[in-house]
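> For reference, the structure I am asking about is given below.
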Amino acid sequence: MADLTRASRELFRRTPDEYVPDLPTLVGRCREQRDRSADRWQLPQTLKPVSLPGSVGVELGTDGAFELNDWSFSQLCKLAAVSKDTLNRLSPGTTAAALSETLPAAKKPTQVLTEGNRVRSVHGTQYERLWNAELLAVVQEFAVDFQPPPKGFNDATGLYLGEQDLFAFLVDPTGWVEVDGEGFCPGFFVWNSEVGRRTVGVTAFWAQAVCGNHLIHGSTDATETVWKHTSKVSDALTGIRRAILSLVERRDERKDDFARLVKKAMTETLGDEAEEVVKVLAKEGVQQFLAKQAADLTLELGRKFTLFNLVDALTRLAREFPNAGDRTAADEKASRLLTLADRGQPARLVSVA
């Protein structure tokens with residue numbers, strides 16, 4: 001089952017320095033990070049933990065000493081099979097000595113990813129990296145109409161890039177379509193970690209609303225696929241491309257269906273006389289006084305009693321309701337009337353084309 005609370009959890013766990021304002025900026029930062037990073041392959045026994053002012057680092061051959069961040073320190077502890085919590089209670093010098101004595105001797109090299117003078121991650125040969133920039137290139141190419149959701153709590157953008165991972169939440173605000181009488185827009189999440197902190201994946205969905213906490217409301221057709229960072233992690237790019245294309249294709253199909261429905265509603269009428277129209281509207285759940293007002297307004301505007309014109313009249317009248325709840329209920333009833341064009345009412349609907 002797809003996890004549609006993920007964007008909200010990301011919002012609350014991220015710090016403002018991880019917020020990215022838009023997709024082009026996110027792509028640019030990921031490209032810069034990839035260009036500044038380098039893989040250094042060394043046998044684990046040749047890694048030399050050293051004491052640095054207030055912390056522990058590691059010397060990598062003739063390239064000198066590199067700082068460790070929290071994640072790469074955790075990975076080095078795991079490689080040495082020593083408790084990170086235990087080492088954190090020791091001085092940097094003692095910690096460096098303990099790691100030097102416990103790092104294994106092996107015939108296979110260790111993959112050490114560095115950026116500048118800092119180690120980003122430490123992996124074995126089984127780990128396969130997928131760069132954030134590669135993932136976002138697919139997003140940019142195939143999700144051209146998608147953009148971040150409205151800013152959430154604390155101005156969170158839905159686009160995040162941290163020391164350990166990336167997360168992007170995008171929706172198509174122009175893609176609203178009617179599904180079973182309800183309005184939905186397409187959206188998706190993608191995520192990745194260049195340092196092995198999490199999987200790479202995509203969740204595609206249709207949402208009715210996104211709240212300020214970036215919770216998805218009224219979702220439908222949600223699907224989620226994840227990949228591990230193994231030898232076939234590049235398959236994720238194909239999978240993510242397919243997920244986005246499927247979302248876009250379905251959006252376009254639904255838009256076409258809705259456009260066809262509207263076109264049909266513009267050419268079919270509920271009757272020739274106001275009394276007949278009022279009866280049909282009342283049978284469809286429209287209050288009789290409102291149905292009469294809609295019929296009168298349609299006549300006043302010099303229009304025929306087509307489904308489209310009556311829906312338009314009901315929508316105009318709903319705007320004058322003082323209560324927001326009443327306005328919403330009236331709008332929903334009005335929009336559902338369009339489905340009469342597809343339900344087929346041979347005794348009522350007459351083509352005017």
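A note on labels: chains of the structure tokens are A, B, ... as shown, every chain counts residues from 1, and ligands are counted from 1 in their shown order.
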Can you list, as a PyMOL selection string, all residues belonging to stretch 107-345 of chain A that DSSP tags as strand (DSSP E)?
chain A and resi 110-115+118-123+159-161+166-171+177-179+182-192+200-207+209-210+216-217+220-227+268-269
> Can I get the selection written as a PDB file, in the first residue's frame, with C-alpha atoms?

```
ATOM      1  CA  THR A 110      35.907  -0.309   0.356  1.00  0.00           C
ATOM      2  CA  GLN A 111      34.031   2.410  -1.538  1.00  0.00           C
ATOM      3  CA  VAL A 112      34.592   5.771   0.153  1.00  0.00           C
ATOM      4  CA  LEU A 113      32.614   8.714  -1.227  1.00  0.00           C
ATOM      5  CA  THR A 114      34.114  12.115  -0.487  1.00  0.00           C
ATOM      6  CA  GLU A 115      33.025  15.687  -1.141  1.00  0.00           C
ATOM      7  CA  ARG A 118      34.623  15.295   4.070  1.00  0.00           C
ATOM      8  CA  VAL A 119      33.651  11.619   3.764  1.00  0.00           C
ATOM      9  CA  ARG A 120      30.001  11.303   2.763  1.00  0.00           C
ATOM     10  CA  SER A 121      29.702   7.504   2.928  1.00  0.00           C
ATOM     11  CA  VAL A 122      31.573   4.219   3.311  1.00  0.00           C
ATOM     12  CA  HIS A 123      30.321   1.134   1.435  1.00  0.00           C
ATOM     13  CA  LEU A 159      11.523  19.829  -2.002  1.00  0.00           C
ATOM     14  CA  TYR A 160      14.328  18.820   0.350  1.00  0.00           C
ATOM     15  CA  LEU A 161      18.019  18.089  -0.013  1.00  0.00           C
ATOM     16  CA  LEU A 166      16.678  13.883  -1.265  1.00  0.00           C
ATOM     17  CA  PHE A 167      12.885  14.075  -1.295  1.00  0.00           C
ATOM     18  CA  ALA A 168      10.644  15.797  -3.846  1.00  0.00           C
ATOM     19  CA  PHE A 169       6.867  16.246  -3.718  1.00  0.00           C
ATOM     20  CA  LEU A 170       5.292  17.518  -6.956  1.00  0.00           C
ATOM     21  CA  VAL A 171       1.743  18.059  -8.217  1.00  0.00           C
ATOM     22  CA  VAL A 177     -10.051  16.384 -13.604  1.00  0.00           C
ATOM     23  CA  GLU A 178     -13.399  14.908 -12.608  1.00  0.00           C
ATOM     24  CA  VAL A 179     -13.397  11.296 -11.386  1.00  0.00           C
ATOM     25  CA  GLU A 182     -15.024  14.475  -7.622  1.00  0.00           C
ATOM     26  CA  GLY A 183     -12.109  16.722  -8.524  1.00  0.00           C
ATOM     27  CA  PHE A 184      -8.585  15.268  -8.380  1.00  0.00           C
ATOM     28  CA  CYS A 185      -5.143  16.395  -9.475  1.00  0.00           C
ATOM     29  CA  PRO A 186      -2.141  14.126 -10.162  1.00  0.00           C
ATOM     30  CA  GLY A 187       0.967  14.155  -7.991  1.00  0.00           C
ATOM     31  CA  PHE A 188       3.946  12.079  -6.938  1.00  0.00           C
ATOM     32  CA  PHE A 189       6.834  11.762  -4.495  1.00  0.00           C
ATOM     33  CA  VAL A 190      10.357  10.675  -5.439  1.00  0.00           C
ATOM     34  CA  TRP A 191      13.223  10.046  -3.059  1.00  0.00           C
ATOM     35  CA  ASN A 192      16.793   8.820  -3.089  1.00  0.00           C
ATOM     36  CA  VAL A 200      15.145   5.082  -4.175  1.00  0.00           C
ATOM     37  CA  GLY A 201      11.442   5.171  -4.990  1.00  0.00           C
ATOM     38  CA  VAL A 202       8.347   6.826  -6.372  1.00  0.00           C
ATOM     39  CA  THR A 203       4.749   7.133  -5.200  1.00  0.00           C
ATOM     40  CA  ALA A 204       2.198   8.303  -7.777  1.00  0.00           C
ATOM     41  CA  PHE A 205      -1.336   9.286  -6.786  1.00  0.00           C
ATOM     42  CA  TRP A 206      -4.402  11.423  -7.430  1.00  0.00           C
ATOM     43  CA  ALA A 207      -5.314  13.846  -4.643  1.00  0.00           C
ATOM     44  CA  ALA A 209      -6.437  18.327  -1.532  1.00  0.00           C
ATOM     45  CA  VAL A 210      -3.080  18.946   0.142  1.00  0.00           C
ATOM     46  CA  ILE A 216      -2.766  14.094   1.027  1.00  0.00           C
ATOM     47  CA  HIS A 217      -6.561  14.095   1.303  1.00  0.00           C
ATOM     48  CA  THR A 220      -7.060   7.512  -5.246  1.00  0.00           C
ATOM     49  CA  ASP A 221      -5.080   5.219  -7.582  1.00  0.00           C
ATOM     50  CA  ALA A 222      -1.966   5.457  -5.396  1.00  0.00           C
ATOM     51  CA  THR A 223       0.953   3.205  -6.348  1.00  0.00           C
ATOM     52  CA  GLU A 224       4.434   2.933  -4.856  1.00  0.00           C
ATOM     53  CA  THR A 225       7.615   1.271  -6.128  1.00  0.00           C
ATOM     54  CA  VAL A 226      11.010   1.126  -4.419  1.00  0.00           C
ATOM     55  CA  TRP A 227      14.459  -0.097  -5.425  1.00  0.00           C
ATOM     56  CA  GLU A 268     -28.062  18.529 -24.892  1.00  0.00           C
ATOM     57  CA  THR A 269     -31.015  20.010 -23.051  1.00  0.00           C
TER      58      THR A 269
END
```
> Need the shell around A:Ala7: protein/DNA/RNA residues with any atom at most 8 Å away, counting only C-alpha atoms. Skip same-chain ones fewer than 3 positions apart. Format as JSON, numbers by chain?
{"A": [4, 10, 11, 158, 169, 189, 214, 215]}
> Please return, as an MDAnalysis selection string, all residues of stretch 233-307 of chain A that DSSP assigns to helix (DSSP H, G or I) on the basis of the backbone.
chainID A and resid 235:265 274:283 288:300 307
> I need the residue nearest A:Glu253 from this list: A:Trp176, A:Lys232, A:Ser8, A:Ala282. Use only C-alpha atoms for the distance.
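Ranked by minimum distance to A:Glu253, first place goes to A:Trp176.
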> For atom CA of A:Thr62 and atom CA of A:Pro109, quote the distance in Å rounded to one decimal.
16.3 Å
> A:Arg242: which residues within 12 Å, counting only C-alpha atoms, same-chain residues fewer than 2 positions away excluded, as a list in words?
Val138, Val139, Phe142, Ala143, Val202, Thr203, Ala204, Thr223, Thr225, Asp235, Ala236, Leu237, Thr238, Gly239, Ile240, Ile244, Leu245, Ser246, Leu247, Val248, Glu249 and Arg250 of chain A
> Counting only C-alpha atoms, figure out which residue out of A:Gln126, A:Thr315, A:Gln140, A:Ser37 gets nearest to A:Leu337.
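Smallest separation from A:Leu337 among the options: A:Thr315.
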> Quick one, how far is atom CA of A:Lys255 from atom CA of A:Leu310?
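Between atom CA of A:Lys255 and atom CA of A:Leu310 the gap works out to 21.5 Å.
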